[in-house]
$ cat entry_5.cif   # mmCIF, C-alpha atoms and all ligand atoms
data_entry
#
loop_
_atom_site.label_atom_id
_atom_site.label_comp_id
_atom_site.auth_asym_id
_atom_site.auth_seq_id
_atom_site.Cartn_x
_atom_site.Cartn_y
_atom_site.Cartn_z
CA VAL A 27 -27.28 5.46 -98.39
CA LYS A 28 -27.70 8.53 -96.24
CA MET A 29 -26.75 7.88 -92.61
CA LYS A 30 -29.47 8.76 -90.13
CA GLU A 31 -28.24 10.22 -86.85
CA VAL A 32 -30.26 9.37 -83.77
CA ARG A 33 -29.71 10.68 -80.25
CA VAL A 34 -30.68 8.68 -77.19
CA VAL A 35 -30.89 9.45 -73.48
CA ILE A 36 -30.21 6.47 -71.19
CA VAL A 37 -32.08 6.55 -67.87
CA GLY A 38 -30.69 4.07 -65.31
CA PHE A 39 -27.07 2.94 -65.44
CA GLY A 40 -27.19 -0.43 -63.68
CA VAL A 41 -26.76 -3.95 -65.04
CA ILE A 42 -28.93 -3.35 -68.10
CA GLY A 43 -27.83 0.26 -68.72
CA ARG A 44 -24.20 -0.83 -68.85
CA GLY A 45 -25.08 -3.88 -70.93
CA VAL A 46 -26.85 -1.73 -73.51
CA LEU A 47 -23.86 0.61 -73.84
CA GLN A 48 -21.38 -2.29 -74.04
CA THR A 49 -23.36 -3.90 -76.86
CA LEU A 50 -23.81 -0.53 -78.55
CA ARG A 51 -20.04 0.05 -78.44
CA GLU A 52 -19.46 -3.38 -79.96
CA LYS A 53 -22.21 -3.14 -82.60
CA GLN A 54 -22.21 0.53 -83.61
CA GLY A 55 -20.37 -0.14 -86.87
CA PHE A 56 -22.57 -3.13 -87.66
CA ILE A 57 -25.74 -1.08 -87.07
CA ARG A 58 -24.45 1.77 -89.25
CA GLY A 59 -23.64 -0.65 -92.07
CA LYS A 60 -26.76 -2.77 -91.89
CA HIS A 61 -29.40 -0.19 -90.96
CA GLY A 62 -27.92 3.18 -91.93
CA VAL A 63 -28.45 4.43 -88.39
CA ASN A 64 -25.80 6.16 -86.29
CA ILE A 65 -26.80 5.96 -82.61
CA LYS A 66 -25.32 8.66 -80.39
CA VAL A 67 -25.75 8.75 -76.62
CA SER A 68 -26.43 12.33 -75.58
CA ALA A 69 -27.01 11.68 -71.86
CA ILE A 70 -26.98 9.04 -69.15
CA CYS A 71 -28.95 9.58 -65.94
CA GLU A 72 -28.27 8.09 -62.55
CA ILE A 73 -30.23 8.82 -59.39
CA ASP A 74 -27.97 11.68 -58.22
CA GLY A 75 -26.96 13.24 -61.50
CA SER A 76 -26.22 12.82 -65.20
CA VAL A 77 -23.58 13.05 -67.89
CA ILE A 78 -24.66 15.12 -70.89
CA SER A 79 -23.05 15.90 -74.24
CA ASN A 80 -25.01 17.07 -77.25
CA GLU A 81 -22.18 15.90 -79.54
CA GLY A 82 -22.52 12.36 -78.17
CA LEU A 83 -20.67 10.75 -75.25
CA ASP A 84 -17.52 8.70 -75.70
CA LEU A 85 -18.70 5.21 -74.72
CA ASP A 86 -15.22 4.04 -73.67
CA LYS A 87 -14.94 6.90 -71.19
CA VAL A 88 -18.43 6.32 -69.88
CA LEU A 89 -17.98 2.58 -69.39
CA ASP A 90 -14.47 2.55 -67.96
CA LYS A 91 -14.94 4.67 -64.83
CA PRO A 92 -17.71 5.76 -62.45
CA LEU A 93 -20.13 8.11 -64.15
CA ASN A 94 -19.58 10.93 -61.65
CA LYS A 95 -15.87 10.98 -62.58
CA ASN A 96 -16.73 11.79 -66.22
CA LYS A 97 -15.92 15.34 -67.32
CA PHE A 98 -19.53 15.87 -68.47
CA TRP A 99 -21.00 14.98 -65.04
CA THR A 100 -23.64 17.39 -63.72
CA ASP A 101 -26.12 17.21 -60.86
CA LYS A 102 -29.07 17.57 -63.27
CA LYS A 103 -31.85 15.15 -62.41
CA THR A 104 -33.55 12.67 -64.73
CA ARG A 105 -36.77 14.64 -65.39
CA ASP A 106 -34.85 17.76 -66.37
CA VAL A 107 -32.55 15.78 -68.66
CA ILE A 108 -35.45 13.94 -70.36
CA ILE A 109 -37.18 17.23 -71.14
CA ASN A 110 -34.22 19.49 -71.91
CA THR A 111 -31.53 17.39 -73.58
CA GLN A 112 -31.55 17.27 -77.38
CA SER A 113 -32.66 13.71 -78.10
CA ASP A 114 -35.01 11.55 -80.14
CA ILE A 115 -35.38 8.48 -77.90
CA VAL A 116 -35.46 7.98 -74.13
CA VAL A 117 -34.24 4.53 -73.10
CA GLU A 118 -35.77 3.78 -69.68
CA LEU A 119 -33.81 1.16 -67.68
CA THR A 120 -34.61 1.72 -63.99
CA PRO A 121 -36.05 -0.88 -61.61
CA GLY A 122 -39.81 -0.57 -61.17
CA ASN A 123 -42.22 -0.87 -58.29
CA ILE A 124 -44.96 -3.25 -59.41
CA LYS A 125 -47.66 -1.44 -57.35
CA THR A 126 -46.93 2.12 -58.53
CA GLY A 127 -44.89 1.62 -61.70
CA GLU A 128 -42.47 4.28 -60.42
CA PRO A 129 -40.05 5.84 -61.09
CA GLY A 130 -40.26 4.50 -64.65
CA LEU A 131 -43.90 5.46 -65.20
CA SER A 132 -43.17 9.15 -64.59
CA HIS A 133 -40.02 9.00 -66.73
CA ILE A 134 -41.93 7.42 -69.62
CA LEU A 135 -44.93 9.79 -69.42
CA THR A 136 -42.58 12.79 -69.17
CA ALA A 137 -40.67 11.60 -72.23
CA ILE A 138 -43.88 11.09 -74.22
CA SER A 139 -45.20 14.56 -73.32
CA ALA A 140 -41.87 16.00 -74.44
CA LYS A 141 -42.45 14.21 -77.80
CA LYS A 142 -39.62 11.73 -77.29
CA HIS A 143 -39.92 8.12 -78.41
CA VAL A 144 -39.35 5.46 -75.74
CA ALA A 145 -37.59 2.09 -75.61
CA THR A 146 -37.56 0.25 -72.28
CA SER A 147 -36.94 -2.99 -70.38
CA ASN A 148 -38.91 -1.79 -67.34
CA LYS A 149 -42.07 -3.88 -66.95
CA ALA A 150 -43.61 -2.20 -63.91
CA PRO A 151 -44.99 0.90 -65.70
CA PHE A 152 -46.77 -1.33 -68.23
CA ALA A 153 -48.10 -3.73 -65.60
CA VAL A 154 -49.66 -0.73 -63.84
CA ALA A 155 -50.69 1.64 -66.63
CA TYR A 156 -50.38 0.03 -70.07
CA LYS A 157 -53.36 1.82 -71.58
CA ARG A 158 -52.44 5.21 -70.12
CA ILE A 159 -48.95 4.98 -71.60
CA MET A 160 -50.12 3.85 -75.03
CA ASP A 161 -52.95 6.41 -75.21
CA SER A 162 -50.53 9.17 -74.35
CA ALA A 163 -48.06 7.90 -76.97
CA ARG A 164 -50.78 7.93 -79.63
CA LYS A 165 -51.87 11.43 -78.65
CA ASN A 166 -48.31 12.73 -78.82
CA LYS A 167 -47.51 10.75 -81.99
CA VAL A 168 -44.49 8.94 -80.56
CA SER A 169 -43.50 5.25 -80.46
CA VAL A 170 -43.18 3.31 -77.23
CA ARG A 171 -41.43 -0.05 -77.60
CA PHE A 172 -40.97 -2.54 -74.78
CA GLU A 173 -39.77 -5.82 -76.29
CA ALA A 174 -37.29 -6.41 -73.45
CA THR A 175 -39.94 -6.23 -70.72
CA VAL A 176 -41.06 -9.80 -71.44
CA GLY A 177 -38.72 -12.70 -72.13
CA GLY A 178 -35.49 -10.62 -72.27
CA ALA A 179 -33.88 -11.49 -75.58
CA ILE A 180 -36.85 -13.39 -77.05
CA PRO A 181 -38.69 -11.52 -79.82
CA ILE A 182 -42.41 -11.47 -78.94
CA MET A 183 -44.01 -8.09 -79.64
CA ASN A 184 -41.82 -7.61 -82.72
CA LEU A 185 -42.58 -11.13 -83.95
CA MET A 186 -46.31 -10.39 -83.77
CA ASP A 187 -45.89 -6.95 -85.38
CA GLU A 188 -43.90 -8.29 -88.32
CA CYS A 189 -43.84 -11.99 -89.14
CA LEU A 190 -47.18 -12.95 -87.57
CA SER A 191 -48.88 -9.66 -88.37
CA VAL A 192 -52.00 -11.19 -89.99
CA ASN A 193 -52.67 -13.41 -86.98
CA LYS A 194 -55.00 -13.02 -84.05
CA VAL A 195 -53.52 -14.48 -80.86
CA GLU A 196 -56.20 -16.70 -79.35
CA SER A 197 -54.25 -17.70 -76.26
CA ALA A 198 -50.67 -17.77 -75.04
CA TYR A 199 -48.80 -19.71 -72.37
CA GLY A 200 -45.38 -18.79 -71.09
CA ILE A 201 -42.48 -19.79 -68.90
CA LEU A 202 -41.58 -16.18 -68.20
CA ASN A 203 -39.25 -16.27 -65.19
CA GLY A 204 -35.79 -17.82 -65.51
CA THR A 205 -35.16 -18.03 -61.77
CA THR A 206 -38.22 -20.16 -60.98
CA ASN A 207 -37.60 -22.29 -64.04
CA TYR A 208 -34.04 -22.90 -62.88
CA VAL A 209 -35.25 -23.75 -59.36
CA LEU A 210 -37.90 -26.18 -60.62
CA SER A 211 -35.43 -27.78 -63.05
CA GLN A 212 -32.90 -28.31 -60.22
CA MET A 213 -35.58 -29.77 -57.93
CA SER A 214 -36.54 -32.16 -60.71
CA ASP A 215 -33.04 -33.13 -61.85
CA GLU A 216 -31.29 -33.27 -58.47
CA GLY A 217 -34.22 -34.02 -56.16
CA VAL A 218 -33.30 -31.04 -53.91
CA GLU A 219 -35.71 -28.96 -51.80
CA LEU A 220 -36.91 -25.55 -52.96
CA ASP A 221 -34.78 -23.62 -50.42
CA SER A 222 -31.49 -25.13 -51.47
CA ALA A 223 -32.31 -24.71 -55.17
CA VAL A 224 -33.07 -21.03 -54.49
CA LYS A 225 -29.74 -20.62 -52.65
CA GLU A 226 -27.95 -22.13 -55.61
CA ALA A 227 -29.75 -19.77 -57.99
CA GLN A 228 -28.62 -16.84 -55.83
CA GLN A 229 -25.01 -18.03 -55.87
CA LEU A 230 -25.16 -18.21 -59.67
CA GLY A 231 -26.56 -14.67 -59.80
CA TYR A 232 -29.94 -15.75 -61.25
CA ALA A 233 -31.98 -14.84 -58.18
CA GLU A 234 -32.07 -11.56 -56.28
CA PRO A 235 -31.08 -11.47 -52.57
CA ASP A 236 -34.85 -11.25 -51.98
CA PRO A 237 -36.15 -13.85 -54.44
CA SER A 238 -39.83 -13.47 -53.51
CA TYR A 239 -40.76 -11.50 -56.67
CA ASP A 240 -39.67 -14.53 -58.67
CA ILE A 241 -40.72 -17.37 -56.37
CA ASP A 242 -44.16 -15.92 -55.59
CA GLY A 243 -44.95 -15.40 -59.27
CA VAL A 244 -45.04 -11.59 -59.15
CA ASP A 245 -42.49 -11.10 -61.92
CA SER A 246 -44.21 -13.63 -64.20
CA ALA A 247 -47.59 -12.03 -63.52
CA ALA A 248 -46.34 -8.56 -64.51
CA LYS A 249 -45.21 -10.05 -67.82
CA VAL A 250 -48.55 -11.79 -68.37
CA VAL A 251 -50.28 -8.42 -67.91
CA ILE A 252 -48.10 -6.90 -70.62
CA LEU A 253 -48.80 -9.79 -73.01
CA ALA A 254 -52.55 -9.65 -72.32
CA ASN A 255 -52.58 -5.97 -73.26
CA ALA A 256 -50.12 -6.11 -76.13
CA LEU A 257 -51.06 -9.42 -77.79
CA LEU A 258 -54.68 -10.04 -76.81
CA GLY A 259 -55.85 -6.43 -76.82
CA MET A 260 -57.14 -6.57 -73.24
CA ASP A 261 -57.22 -3.56 -70.94
CA VAL A 262 -55.89 -5.04 -67.69
CA SER A 263 -53.38 -4.32 -64.96
CA TYR A 264 -51.56 -6.29 -62.27
CA GLU A 265 -54.61 -6.17 -59.98
CA ASP A 266 -56.54 -8.37 -62.42
CA MET A 267 -54.07 -11.26 -62.07
CA LYS A 268 -54.57 -14.50 -60.15
CA VAL A 269 -51.13 -15.45 -58.90
CA THR A 270 -49.76 -18.57 -57.20
CA GLY A 271 -46.01 -19.05 -56.89
CA ILE A 272 -43.92 -22.18 -56.39
CA ARG A 273 -43.34 -22.10 -52.59
CA GLU A 274 -45.58 -25.13 -51.97
CA ILE A 275 -43.90 -27.33 -54.59
CA THR A 276 -41.96 -30.26 -53.10
CA PRO A 277 -39.45 -32.64 -54.72
CA GLU A 278 -41.95 -35.43 -53.95
CA ALA A 279 -44.67 -33.71 -55.98
CA ILE A 280 -42.26 -33.29 -58.90
CA ASP A 281 -41.24 -36.93 -58.60
CA LEU A 282 -44.84 -38.09 -58.74
CA ALA A 283 -45.47 -35.92 -61.82
CA LYS A 284 -42.37 -37.40 -63.44
CA LYS A 285 -43.66 -40.97 -62.96
CA HIS A 286 -46.68 -40.01 -65.07
CA GLY A 287 -44.70 -38.30 -67.82
CA PHE A 288 -45.12 -34.72 -66.58
CA THR A 289 -42.99 -31.95 -65.17
CA VAL A 290 -44.01 -29.00 -62.96
CA LYS A 291 -43.60 -25.52 -64.47
CA LEU A 292 -44.63 -22.05 -63.36
CA VAL A 293 -46.93 -21.20 -66.26
CA GLY A 294 -48.34 -17.81 -67.20
CA ASP A 295 -51.74 -18.24 -68.85
CA VAL A 296 -52.33 -15.01 -70.74
CA LEU A 297 -55.98 -15.52 -71.69
CA ARG A 298 -57.00 -16.50 -68.15
CA LEU A 299 -54.76 -13.87 -66.50
CA GLU A 300 -53.30 -16.51 -64.25
CA VAL A 301 -49.85 -17.54 -63.04
CA SER A 302 -49.64 -20.93 -61.32
CA PRO A 303 -47.59 -24.11 -61.13
CA ARG A 304 -48.96 -26.52 -63.73
CA LEU A 305 -48.25 -30.00 -64.98
CA VAL A 306 -46.62 -29.88 -68.39
CA SER A 307 -46.09 -33.04 -70.43
CA VAL A 308 -42.37 -33.83 -70.76
CA ASP A 309 -42.61 -33.73 -74.56
CA HIS A 310 -44.49 -30.39 -74.65
CA PRO A 311 -42.60 -27.47 -76.30
CA LEU A 312 -42.89 -25.46 -73.06
CA ASN A 313 -40.80 -28.03 -71.19
CA VAL A 314 -37.60 -25.96 -71.38
CA SER A 315 -34.84 -26.54 -68.86
CA GLY A 316 -32.57 -24.42 -66.70
CA SER A 317 -33.11 -20.68 -66.74
CA LEU A 318 -34.61 -20.59 -70.24
CA ASN A 319 -37.87 -18.81 -71.00
CA ALA A 320 -40.49 -19.93 -73.53
CA LEU A 321 -43.78 -18.69 -74.93
CA MET A 322 -46.36 -20.64 -76.92
CA LEU A 323 -48.65 -18.49 -79.04
CA ASN A 324 -51.88 -20.07 -80.31
CA THR A 325 -52.70 -18.10 -83.45
CA ASP A 326 -55.59 -18.36 -85.92
CA VAL A 327 -53.65 -18.61 -89.18
CA ALA A 328 -50.12 -19.77 -88.32
CA GLY A 329 -51.26 -22.23 -85.66
CA ASP A 330 -49.03 -22.77 -82.64
CA VAL A 331 -45.71 -20.95 -82.56
CA THR A 332 -43.30 -21.49 -79.66
CA ILE A 333 -40.27 -19.31 -79.03
CA VAL A 334 -37.50 -20.22 -76.60
CA GLY A 335 -34.53 -18.21 -75.41
CA ARG A 336 -32.76 -16.21 -72.73
CA GLY A 337 -35.18 -14.33 -70.52
CA ALA A 338 -32.57 -12.25 -68.69
CA GLY A 339 -28.92 -11.24 -68.64
CA SER A 340 -27.53 -7.86 -69.51
CA ARG A 341 -26.06 -8.79 -72.89
CA GLU A 342 -29.04 -10.89 -74.00
CA THR A 343 -31.57 -8.26 -72.93
CA SER A 344 -29.61 -5.51 -74.69
CA SER A 345 -30.36 -7.32 -77.96
CA SER A 346 -34.07 -6.48 -77.65
CA ILE A 347 -33.54 -2.94 -76.34
CA ILE A 348 -31.20 -1.96 -79.16
CA ALA A 349 -33.46 -3.60 -81.75
CA ASP A 350 -36.28 -1.35 -80.49
CA ILE A 351 -33.98 1.69 -80.77
CA VAL A 352 -33.12 0.73 -84.35
CA THR A 353 -36.79 0.17 -85.27
CA ILE A 354 -37.77 3.59 -83.90
CA SER A 355 -34.79 5.20 -85.65
CA LYS A 356 -35.88 3.84 -89.03
CA GLU A 357 -39.33 5.40 -88.54
CA LEU A 358 -37.92 8.85 -87.79
N1 LIG A 401 -31.35 -7.75 -65.25
C1 LIG A 401 -32.01 -8.37 -66.23
O1 LIG A 401 -31.60 -9.44 -66.72
C2 LIG A 401 -33.29 -7.77 -66.79
C3 LIG A 401 -33.94 -8.38 -67.86
C4 LIG A 401 -35.08 -7.79 -68.40
C5 LIG A 401 -35.58 -6.62 -67.86
N2 LIG A 401 -34.94 -6.04 -66.79
C6 LIG A 401 -35.48 -4.78 -66.25
O2 LIG A 401 -34.60 -3.72 -66.62
C7 LIG A 401 -34.60 -2.70 -65.62
C8 LIG A 401 -33.18 -2.44 -65.14
O3 LIG A 401 -32.67 -3.63 -64.54
P1 LIG A 401 -31.19 -3.72 -63.95
O4 LIG A 401 -30.95 -5.15 -63.73
O5 LIG A 401 -30.27 -2.95 -64.80
O6 LIG A 401 -31.38 -2.96 -62.54
P2 LIG A 401 -30.21 -2.30 -61.67
O7 LIG A 401 -28.92 -3.01 -61.90
O8 LIG A 401 -30.76 -2.18 -60.30
O9 LIG A 401 -30.02 -0.85 -62.30
C9 LIG A 401 -30.97 0.16 -62.23
C10 LIG A 401 -30.28 1.50 -62.25
O10 LIG A 401 -31.27 2.54 -62.31
C11 LIG A 401 -30.85 3.57 -61.41
N3 LIG A 401 -31.99 4.41 -61.04
C12 LIG A 401 -32.97 4.16 -60.15
N4 LIG A 401 -33.83 5.20 -60.09
C13 LIG A 401 -33.38 6.13 -60.96
C14 LIG A 401 -33.81 7.44 -61.35
N5 LIG A 401 -34.91 8.00 -60.81
N6 LIG A 401 -33.11 8.11 -62.28
C15 LIG A 401 -32.01 7.55 -62.83
N7 LIG A 401 -31.54 6.34 -62.51
C16 LIG A 401 -32.22 5.63 -61.57
C17 LIG A 401 -30.22 2.84 -60.27
O11 LIG A 401 -29.40 3.69 -59.53
P3 LIG A 401 -28.95 3.27 -58.02
O12 LIG A 401 -28.06 2.08 -58.17
O13 LIG A 401 -28.23 4.49 -57.56
O14 LIG A 401 -30.22 2.97 -57.28
C18 LIG A 401 -29.43 1.77 -61.02
O15 LIG A 401 -28.20 2.25 -61.46
C19 LIG A 401 -35.53 -3.20 -64.51
O16 LIG A 401 -36.80 -2.64 -64.69
C20 LIG A 401 -35.57 -4.71 -64.74
O17 LIG A 401 -36.77 -5.30 -64.30
C21 LIG A 401 -33.81 -6.58 -66.27
#

$ encode --input "entry_5.cif" --output "structure tokens" --more "lines below"
Ligand SMILES: NC(=O)c1ccc[n+]([C@@H]2O[C@H](COP(=O)([O-])OP(=O)(O)OC[C@H]3O[C@@H](n4cnc5c(N)ncnc54)[C@H](OP(=O)(O)O)[C@@H]3O)[C@@H](O)[C@H]2O)c1
Amino acid sequence: VKMKEVRVVIVGFGVIGRGVLQTLREKQGFIRGKHGVNIKVSAICEIDGSVISNEGLDLDKVLDKPLNKNKFWTDKKTRDVIINTQSDIVVELTPGNIKTGEPGLSHILTAISAKKHVATSNKAPFAVAYKRIMDSARKNKVSVRFEATVGGAIPIMNLMDECLSVNKVESAYGILNGTTNYVLSQMSDEGVELDSAVKEAQQLGYAEPDPSYDIDGVDSAAKVVILANALLGMDVSYEDMKVTGIREITPEAIDLAKKHGFTVKLVGDVLRLEVSPRLVSVDHPLNVSGSLNALMLNTDVAGDVTIVGRGAGSRETSSSIIADIVTISKEL
């Protein structure tokens, strides 16, 4: 088999950026053997500069010391690198503002206009401007893949594209935020108050120092927007969502639910564009514990399909991002 060489630019070198390169280093041989694709990293962009090498960067050197100590370090900024570095795919891994979608939205639109394909874990640009991004991709004849934006490692978009491709999704319900699911599980199992469960989640590294994006349902809602567009063919953005978080949930309420055979979960209802705490029967497939995520798809031919897995984590999320890179590479 002829080996296909593919060059990627990584934008954002934080938890996920490093995770992607660590998994790539580990799996490069496997990907070459199984898919006939040789993935080379031609640049990595941070906020204040980038490392660039058209021959492909040495991943050991990039991972083992600060980026600005690498011999290929330059002060070239992201936009310049996206447009001017020889590459096939831009991998966008920056944090996103849910109101503006930036800086990822500009990075993605710039990449598309420069005829680069895109793979990303950044949900904000899609929660703000899904249709704009996809229309631009169609016009410029490039692929934009975003499996990792919803449910981390869990295959959702790719599952619908491939295995469930003859199905229409009629509705979908998801547990789409690991932090809130962990907090609710702890409140239920240990009878603790919300605040102390949140503190524990922070100590374990599940929750951010400011956990309000999770606790108030914002993160889940951004994911519901993406699913509504991608799976149900809607044309909606974050503003269309009705969102209630879990701040008002007490251990007493959970206890009462338990006595009647229910548990309380923060559920994203994709058809109704709603995120809210709901009673879920203890034997329902969406009753997943700890920080797990789950999505139930109600489809017209296959019936109900529920997928469960890790919704976050750098290694787990890199699984989806690299799968998207491989899929795009095979189409080139
Ligand atoms: N962590 C997870 O488990 C997970 C799971 C699924 C999806 N995601 C999504 O993946 C994305 C990355 O998450 P993360 O956890 O890796 O965040 P992170 O650790 O904060 O890393 C983001 C990196 O992007 C850099 N950056 C910001 N603006 C930039 C710009 N204009 N040009 C180049 N680099 C820029 C940041 O630099 P500075 O440090 O200098 O600001 C930082 O190094 C986010 O959108 C997140 O929502 C994360």

$ residues_near_ligand --input "entry_5.cif" --ligand "ligand LIG 401 (chain A)" --cutoff "8 Å" --atoms "only C-alpha atoms and all ligand atoms" --output "PyMOL selection string"
chain A and resi 37-44+71-75+103-104+118-122+129-130+133+146-150+174-178+337-340+342-343

$ closest_residue --input "entry_5.cif" --among "A:Val301, A:Val308, A:Leu292, A:Val144" --to "Ala320 of chain A" --atoms "only C-alpha atoms"
A:Leu292

$ closest_atom_pairs --input "entry_5.cif" --of "segment 161-229 of chain A" --to "segment 251-260 of chain A" --cutoff "9 Å" --atoms "only C-alpha atoms" --output "Markdown table"
| residue | atom | partner | partner_atom | distance |
| --- | --- | --- | --- | --- |
| A:Thr175 | CA | A:Ile252 | CA | 8.2 |
| A:Val176 | CA | A:Ile252 | CA | 7.7 |
| A:Ile182 | CA | A:Leu253 | CA | 8.9 |
| A:Met183 | CA | A:Ala256 | CA | 7.3 |
| A:Met186 | CA | A:Leu257 | CA | 7.7 |
| A:Lys194 | CA | A:Leu258 | CA | 7.8 |
| A:Val195 | CA | A:Leu258 | CA | 6.1 |
| A:Glu196 | CA | A:Leu258 | CA | 7.3 |
| A:Ser197 | CA | A:Leu258 | CA | 7.7 |
| A:Ala198 | CA | A:Leu253 | CA | 8.4 |

$ residues_around --input "entry_5.cif" --residues "segment 96-99 of chain A" --least-positions-apart "2" --cutoff "7 Å" --atoms "all atoms listed in the file" --output "JSON list (two decimals) with C-alpha atoms, in the coordinates of the input"
[["chain", "number", "residue", "atom", "x", "y", "z"],
["A", 76, "SER", "CA", -26.22, 12.82, -65.20],
["A", 77, "VAL", "CA", -23.58, 13.05, -67.89],
["A", 78, "ILE", "CA", -24.66, 15.12, -70.89],
["A", 79, "SER", "CA", -23.05, 15.90, -74.24],
["A", 88, "VAL", "CA", -18.43, 6.32, -69.88],
["A", 93, "LEU", "CA", -20.13, 8.11, -64.15],
["A", 94, "ASN", "CA", -19.58, 10.93, -61.65],
["A", 101, "ASP", "CA", -26.12, 17.21, -60.86]]

$ atom_distance --input "entry_5.cif" --atom1 "atom CA of Phe172 of chain A" --atom2 "atom CA of Ile115 of chain A"
12.7 Å

$ atom_distance --input "entry_5.cif" --atom1 "atom CA of Ala223 of chain A" --atom2 "atom CA of Ser211 of chain A"
9.0 Å

$ residues_around --input "entry_5.cif" --residues "segment 201-205 of chain A" --least-positions-apart "2" --cutoff "6 Å" --atoms "all atoms listed in the file" --output "PyMOL selection string"
chain A and resi 177+207-208+232-233+246+293+317-320

$ closest_residue --input "entry_5.cif" --among "A:Tyr199, A:Ile354, A:Gly243, A:Lys95" --to "His310 of chain A" --atoms "all atoms listed in the file"
A:Tyr199

$ residues_around --input "entry_5.cif" --residues "Val192 of chain A" --least-positions-apart "4" --cutoff "10 Å" --atoms "only C-alpha atoms" --output "VMD selection string"
chain A and resid 186 to 188 325 to 328

$ atom_distance --input "entry_5.cif" --atom1 "atom CA of Pro237 of chain A" --atom2 "atom CA of Tyr156 of chain A"
25.3 Å

$ closest_residue --input "entry_5.cif" --among "A:Gly55, A:Arg171, A:Lys102, A:Leu210" --to "Ser355 of chain A" --atoms "only C-alpha atoms"
A:Arg171

$ residues_near_point --input "entry_5.cif" --point "(-35.2, 5.5, -91.4)" --cutoff "10 Å" --atoms "all atoms listed in the file" --output "list in words"
Lys28, Met29, Lys30, Glu31, Val32, His61, Gly62, Val63, Val352, Thr353, Ile354, Ser355, Lys356, Glu357 and Leu358 of chain A

$ closest_residue --input "entry_5.cif" --among "A:Arg304, A:Arg51, A:Arg336, A:Lys268" --to "Val244 of chain A" --atoms "only C-alpha atoms"
A:Lys268

$ residues_around --input "entry_5.cif" --residues "Asp309 of chain A" --least-positions-apart "5" --cutoff "10 Å" --atoms "all atoms listed in the file" --output "PDB file with C-alpha atoms, in the coordinates of the input"
ATOM      1  CA  GLY A 287     -44.700 -38.300 -67.820  1.00  0.00           C
ATOM      2  CA  PHE A 288     -45.120 -34.720 -66.580  1.00  0.00           C
ATOM      3  CA  THR A 289     -42.990 -31.950 -65.170  1.00  0.00           C
ATOM      4  CA  VAL A 314     -37.600 -25.960 -71.380  1.00  0.00           C
TER       5      VAL A 314
END

$ decode --input "entry_5.cif" --residues "segment 38-51 of chain A" --atoms "N, CA and C atoms" --output "short mmCIF file (atom, residue, chain, number, x, y, z; two decimals), in the first residue's frame"
data_model
loop_
_atom_site.label_atom_id
_atom_site.label_comp_id
_atom_site.auth_asym_id
_atom_site.auth_seq_id
_atom_site.Cartn_x
_atom_site.Cartn_y
_atom_site.Cartn_z
N GLY A 38 -3.14 25.68 19.68
CA GLY A 38 -3.47 25.51 21.10
C GLY A 38 -2.71 24.34 21.67
N PHE A 39 -1.79 24.64 22.60
CA PHE A 39 -0.92 23.59 23.14
C PHE A 39 -1.13 23.50 24.64
N GLY A 40 -2.38 23.25 25.05
CA GLY A 40 -2.70 23.07 26.46
C GLY A 40 -2.89 21.61 26.77
N VAL A 41 -3.85 21.31 27.63
CA VAL A 41 -4.10 19.93 28.05
C VAL A 41 -4.39 19.03 26.85
N ILE A 42 -5.29 19.48 25.99
CA ILE A 42 -5.69 18.65 24.85
C ILE A 42 -4.61 18.64 23.77
N GLY A 43 -4.00 19.78 23.49
CA GLY A 43 -2.94 19.84 22.49
C GLY A 43 -1.81 18.86 22.81
N ARG A 44 -1.38 18.88 24.08
CA ARG A 44 -0.34 17.94 24.50
C ARG A 44 -0.83 16.50 24.43
N GLY A 45 -2.07 16.30 24.85
CA GLY A 45 -2.64 14.94 24.82
C GLY A 45 -2.67 14.37 23.41
N VAL A 46 -3.05 15.20 22.46
CA VAL A 46 -3.11 14.76 21.06
C VAL A 46 -1.71 14.35 20.58
N LEU A 47 -0.70 15.17 20.90
CA LEU A 47 0.65 14.84 20.43
C LEU A 47 1.22 13.62 21.14
N GLN A 48 0.87 13.45 22.45
CA GLN A 48 1.33 12.25 23.16
C GLN A 48 0.74 10.98 22.54
N THR A 49 -0.56 11.02 22.25
CA THR A 49 -1.20 9.85 21.64
C THR A 49 -0.66 9.62 20.23
N LEU A 50 -0.44 10.71 19.50
CA LEU A 50 0.10 10.59 18.15
C LEU A 50 1.48 9.93 18.17
N ARG A 51 2.31 10.36 19.12
CA ARG A 51 3.65 9.77 19.26
C ARG A 51 3.53 8.27 19.52
#
